[in-house]
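Undergrad: My questions all concern the structure below.
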Amino acid sequence: MTGGRATGPSGDPGGDWTGDRAAFAAAAHWFVATAATIDTEWDRPALGDWTVRDLVGHTSRALLTVEAYLGAGAGATAAAGRRVASPVDYYRLAMASLGEPSAVAARGRAAGLALGDDPARAVAAIARRVLAQIDAATPDELVVTPVGGMRLADYLPTRTFELTVHTCDLAAALGGPASVPDAAASAGLHLLADLAVGKGLAAALLLAATGRGPLPTGFTVL
C-alpha cells in the first residue's frame, strides 16, 4: 500500500483514470464555488500568515502546476534526473525540499496578487482551462515537477489532495461548512492513508479515527 494503488490493466494506478479525473474535477469545482462566495473577506486572516487572497492564490497553484508541468513534459521522452513513482514518493521528496516557510508564504502571496482585481473570476477561468487540458490528456503523459518526472496519473492525485485540503482551509477561514464532494473526499482520504502508512503512522490514525483516543499533538502525515 505504501506505493499507492494497485496497477490496473491500462497501466495507471488503480486502473481508474476516469475516476481520478472525476475526483480532480470535483475538487476543482468545489474550490471555484467556494472562492465565488467571497465578497469583502479577501484581506481576512486565513491560514498562518496568509490572508484569504493569499490562500486562494496558493490553492490556485494546485491547478496551475498541472498546466505548467504538463507543458514542461510535452514532447519529452524522459524527465531529467529522478523519476517519481507514486503520489507518496512525490510528497516524500517535495517535503524534503520545501524550503524556508517564509519562501512558501511569499509564493502564496505572489500567487494571490497574480489573480488580479477579480480573484474569483480568475480562479474560475484557470479551472476551466486546466480541466479541459486534463480531459484531453492521457494517464501516461509526462509531467516534469521540481522533484522529478512523473506520469500524470501519479501526479494528479496530489493536486486533488491539495485542492481538497486547502478548500477546507478556505471554508474554515470564511466561517462556512466544509462540504467536501464525495469523489474528492474519497481520493484525498485514500492518499492520506497511503501517506500515513509510508511514514509508519497508520496505528495512530486508525486509533483516532475509530474513537480510541486523540491524535498526538502536531500529528501530520506530511
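Scheme for the C-alpha cells: letters A, B, ... for chains in order shown; per-chain residue numbers from 1; ligand numbers from 1 in order shown.
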Please provide the set of residues having any atom within 10 Å of Leu206 (chain A), restricted to only C-alpha atoms, with same-chain residues fewer than 6 positions apart removed, written as a list in words.

TA: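 Listed by chain and then number, they are Ala193, Ala196, Arg212, Gly213 and Leu215 of chain A.
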
Undergrad: Give me the residues near Gly176 (chain A) as an mmCIF file with N, CA and C atoms, in the first residue's frame, where near means some atom within 12 Å (using only C-alpha atoms) and where sequence neighbours in that chain fewer than 2 positions away do not count.

TA:
data_model
loop_
_atom_site.group_PDB
_atom_site.id
_atom_site.type_symbol
_atom_site.label_atom_id
_atom_site.label_comp_id
_atom_site.auth_asym_id
_atom_site.auth_seq_id
_atom_site.Cartn_x
_atom_site.Cartn_y
_atom_site.Cartn_z
ATOM 1 N N THR A 34 -16.386 27.806 -3.838
ATOM 2 C CA THR A 34 -16.097 28.428 -2.545
ATOM 3 C C THR A 34 -15.499 29.818 -2.737
ATOM 4 N N ALA A 35 -14.586 29.946 -3.684
ATOM 5 C CA ALA A 35 -13.994 31.257 -3.976
ATOM 6 C C ALA A 35 -15.054 32.245 -4.441
ATOM 7 N N THR A 37 -17.931 32.642 -3.358
ATOM 8 C CA THR A 37 -18.727 33.180 -2.253
ATOM 9 C C THR A 37 -18.035 34.341 -1.541
ATOM 10 N N ILE A 38 -16.769 34.585 -1.865
ATOM 11 C CA ILE A 38 -16.006 35.621 -1.170
ATOM 12 C C ILE A 38 -16.440 36.993 -1.676
ATOM 13 N N THR A 167 -9.180 23.895 0.220
ATOM 14 C CA THR A 167 -10.544 24.425 0.177
ATOM 15 C C THR A 167 -11.223 24.223 1.524
ATOM 16 N N CYS A 168 -10.870 23.154 2.237
ATOM 17 C CA CYS A 168 -11.323 23.018 3.627
ATOM 18 C C CYS A 168 -10.791 24.181 4.465
ATOM 19 N N ASP A 169 -9.498 24.520 4.271
ATOM 20 C CA ASP A 169 -8.926 25.675 4.975
ATOM 21 C C ASP A 169 -9.695 26.950 4.648
ATOM 22 N N LEU A 170 -10.021 27.112 3.369
ATOM 23 C CA LEU A 170 -10.710 28.318 2.921
ATOM 24 C C LEU A 170 -12.109 28.398 3.525
ATOM 25 N N ALA A 171 -12.823 27.283 3.522
ATOM 26 C CA ALA A 171 -14.161 27.260 4.117
ATOM 27 C C ALA A 171 -14.099 27.623 5.590
ATOM 28 N N ALA A 172 -13.082 27.105 6.295
ATOM 29 C CA ALA A 172 -12.935 27.416 7.714
ATOM 30 C C ALA A 172 -12.653 28.908 7.917
ATOM 31 N N ALA A 173 -11.801 29.487 7.071
ATOM 32 C CA ALA A 173 -11.473 30.908 7.182
ATOM 33 C C ALA A 173 -12.691 31.788 6.935
ATOM 34 N N LEU A 174 -13.595 31.312 6.080
ATOM 35 C CA LEU A 174 -14.797 32.075 5.751
ATOM 36 C C LEU A 174 -15.936 31.809 6.722
ATOM 37 N N ALA A 178 -17.486 22.922 5.499
ATOM 38 C CA ALA A 178 -16.606 22.314 4.503
ATOM 39 C C ALA A 178 -17.313 21.089 3.927
ATOM 40 N N SER A 179 -18.167 21.324 2.953
ATOM 41 C CA SER A 179 -18.953 20.244 2.356
ATOM 42 C C SER A 179 -18.162 19.624 1.210
ATOM 43 N N VAL A 180 -17.208 18.775 1.554
ATOM 44 C CA VAL A 180 -16.291 18.206 0.566
ATOM 45 C C VAL A 180 -17.047 17.264 -0.369
#

Undergrad: Near Pro216 (chain A), counting only C-alpha atoms, which residues have an atom at most 10 Å away, once you skip same-chain residues fewer than 4 positions from it, shown as an mmCIF file with N, CA and C atoms, in the first residue's frame?

TA:
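Result saved to part-v6.cif:
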data_model
loop_
_atom_site.group_PDB
_atom_site.id
_atom_site.type_symbol
_atom_site.label_atom_id
_atom_site.label_comp_id
_atom_site.auth_asym_id
_atom_site.auth_seq_id
_atom_site.Cartn_x
_atom_site.Cartn_y
_atom_site.Cartn_z
ATOM 1 N N ALA A 204 -1.622 5.215 14.794
ATOM 2 C CA ALA A 204 -2.157 6.417 15.437
ATOM 3 C C ALA A 204 -3.401 6.917 14.715
ATOM 4 N N LEU A 205 -3.374 6.891 13.378
ATOM 5 C CA LEU A 205 -4.510 7.369 12.603
ATOM 6 C C LEU A 205 -5.706 6.441 12.759
ATOM 7 N N ALA A 208 -7.273 6.897 16.315
ATOM 8 C CA ALA A 208 -8.015 8.156 16.461
ATOM 9 C C ALA A 208 -9.294 8.145 15.643
ATOM 10 N N THR A 220 0.929 14.883 11.807
ATOM 11 C CA THR A 220 0.737 15.136 10.382
ATOM 12 C C THR A 220 1.328 13.984 9.593
#

Undergrad: Which residues of region 87-195 of chain A come within 8 Å of region 22-29 of chain A, and for each one, what is the closest pair of atoms and their distance in Å to one decimal, counting only C-alpha atoms, sorted by chain and residue number, as JSON lines?

TA:
{"residue": "A:Ala127", "atom": "CA", "partner": "A:Ala28", "partner_atom": "CA", "distance": 6.4}
{"residue": "A:Leu131", "atom": "CA", "partner": "A:Ala25", "partner_atom": "CA", "distance": 6.7}
{"residue": "A:Leu156", "atom": "CA", "partner": "A:Phe24", "partner_atom": "CA", "distance": 7.2}
{"residue": "A:Pro157", "atom": "CA", "partner": "A:Phe24", "partner_atom": "CA", "distance": 7.3}
{"residue": "A:Arg159", "atom": "CA", "partner": "A:Phe24", "partner_atom": "CA", "distance": 7.2}
{"residue": "A:Thr160", "atom": "CA", "partner": "A:Phe24", "partner_atom": "CA", "distance": 4.8}
{"residue": "A:Leu163", "atom": "CA", "partner": "A:Ala27", "partner_atom": "CA", "distance": 5.8}
{"residue": "A:Thr164", "atom": "CA", "partner": "A:Ala27", "partner_atom": "CA", "distance": 5.6}
{"residue": "A:Val180", "atom": "CA", "partner": "A:Ala27", "partner_atom": "CA", "distance": 7.8}
{"residue": "A:Pro181", "atom": "CA", "partner": "A:Ala26", "partner_atom": "CA", "distance": 6.3}
{"residue": "A:Ala183", "atom": "CA", "partner": "A:Ala23", "partner_atom": "CA", "distance": 4.7}
{"residue": "A:Ala184", "atom": "CA", "partner": "A:Ala23", "partner_atom": "CA", "distance": 4.6}
{"residue": "A:Ala187", "atom": "CA", "partner": "A:Ala23", "partner_atom": "CA", "distance": 6.5}

Undergrad: Please run DSSP on the backbone and report, as a VMD selection string, all residues within region 14-162 of chain A that come out as strand (DSSP E).

TA: chain A and resid 45 to 47 50 to 51 142 to 145 148 to 151

Undergrad: Would you put the residues from that selection into a file with C-alpha atoms, as a CSV table (one decimal), in the first residue's frame?

TA:
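Final output, out_4.csv:
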chain,number,residue,atom,x,y,z
A,45,PRO,CA,-6.7,36.2,8.1
A,46,ALA,CA,-6.9,32.7,6.8
A,47,LEU,CA,-4.0,30.3,7.4
A,50,TRP,CA,-1.9,34.1,4.8
A,51,THR,CA,-4.9,36.2,4.1
A,142,LEU,CA,4.8,13.0,-18.6
A,143,VAL,CA,4.8,15.9,-16.1
A,144,VAL,CA,8.1,17.5,-15.0
A,145,THR,CA,7.9,18.5,-11.4
A,148,GLY,CA,11.4,14.8,-10.9
A,149,GLY,CA,9.4,13.4,-13.8
A,150,MET,CA,6.1,11.6,-13.2
A,151,ARG,CA,3.2,10.1,-15.0

Undergrad: Would you please work out which residue, of A:Glu100, A:Glu141, A:Ala36, A:Ala106, is nearest to Ala72 (chain A) when using only C-alpha atoms?

TA: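 Ranked by minimum distance to Ala72 (chain A), first place goes to A:Glu141.
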
Undergrad: Let me make sure I understand: among A:Pro101, A:Gly48, A:Pro146, A:Pro119, which one has the smallest atom-to-atom distance to Arg83 (chain A) if we use only C-alpha atoms?

TA: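 Ranked by minimum distance to Arg83 (chain A), first place goes to A:Pro146.
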
Undergrad: Would you tabulate, counting only C-alpha atoms, all residues of region 147-199 of chain A that have an atom at most 7 Å from an atom of region 85-97 of chain A, showing the closest pair of atoms and their distance in Å to one decimal, sorted by chain then ascending number, as CSV?

TA:
residue,atom,partner,partner_atom,distance
A:Val147,CA,A:Leu93,CA,6.3
A:Met150,CA,A:Ala85,CA,6.7
A:Asp154,CA,A:Ser86,CA,5.4
A:Tyr155,CA,A:Pro87,CA,6.1
A:Pro157,CA,A:Pro87,CA,6.7
A:Thr158,CA,A:Pro87,CA,6.0
A:Asp194,CA,A:Val88,CA,6.8
A:Leu195,CA,A:Val88,CA,5.8

Undergrad: Write out as a count of residues only each polymer residue whose atoms come within 9 Å of Val130 (chain A), counting only C-alpha atoms; drop sequence neighbours fewer than 4 positions from it.

TA: 8

Undergrad: Measuring atom to atom with only C-alpha atoms, identify which of A:Gly116, A:Gly71, A:Pro177, A:Gly188 is nearest to Gln133 (chain A).

TA: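 Using only C-alpha atoms, Gln133 (chain A) sits closest to A:Gly71.
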
Undergrad: List every residue of chain A that DSSP, applied to the backbone, labels as alpha helix (DSSP H), and write the result as an MDAnalysis selection string.

TA: chainID A and resid 17:35 52:73 87:96 101:114 119:136 152:174 182:198 202:209

Undergrad: For Phe31 (chain A), which of A:Asp54, A:Glu162, A:Asp43, A:Asp49 is the closest residue, counting only C-alpha atoms?

TA: A:Glu162

Undergrad: Can you work out which one of A:Thr59, A:Asp16, A:Thr65, A:Val32 has the shortest atom-to-atom distance to Arg128 (chain A), counting only C-alpha atoms?

TA: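 Among A:Thr59, A:Asp16, A:Thr65, A:Val32, it is A:Val32 that comes nearest to Arg128 (chain A).
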
Undergrad: Using only C-alpha atoms, can you tell me which of A:Val197, A:Leu192, A:Ala153, A:Ala68 comes closest to Ala137 (chain A)?

TA: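 Of the candidates, the smallest distance to Ala137 (chain A) is held by A:Ala153.
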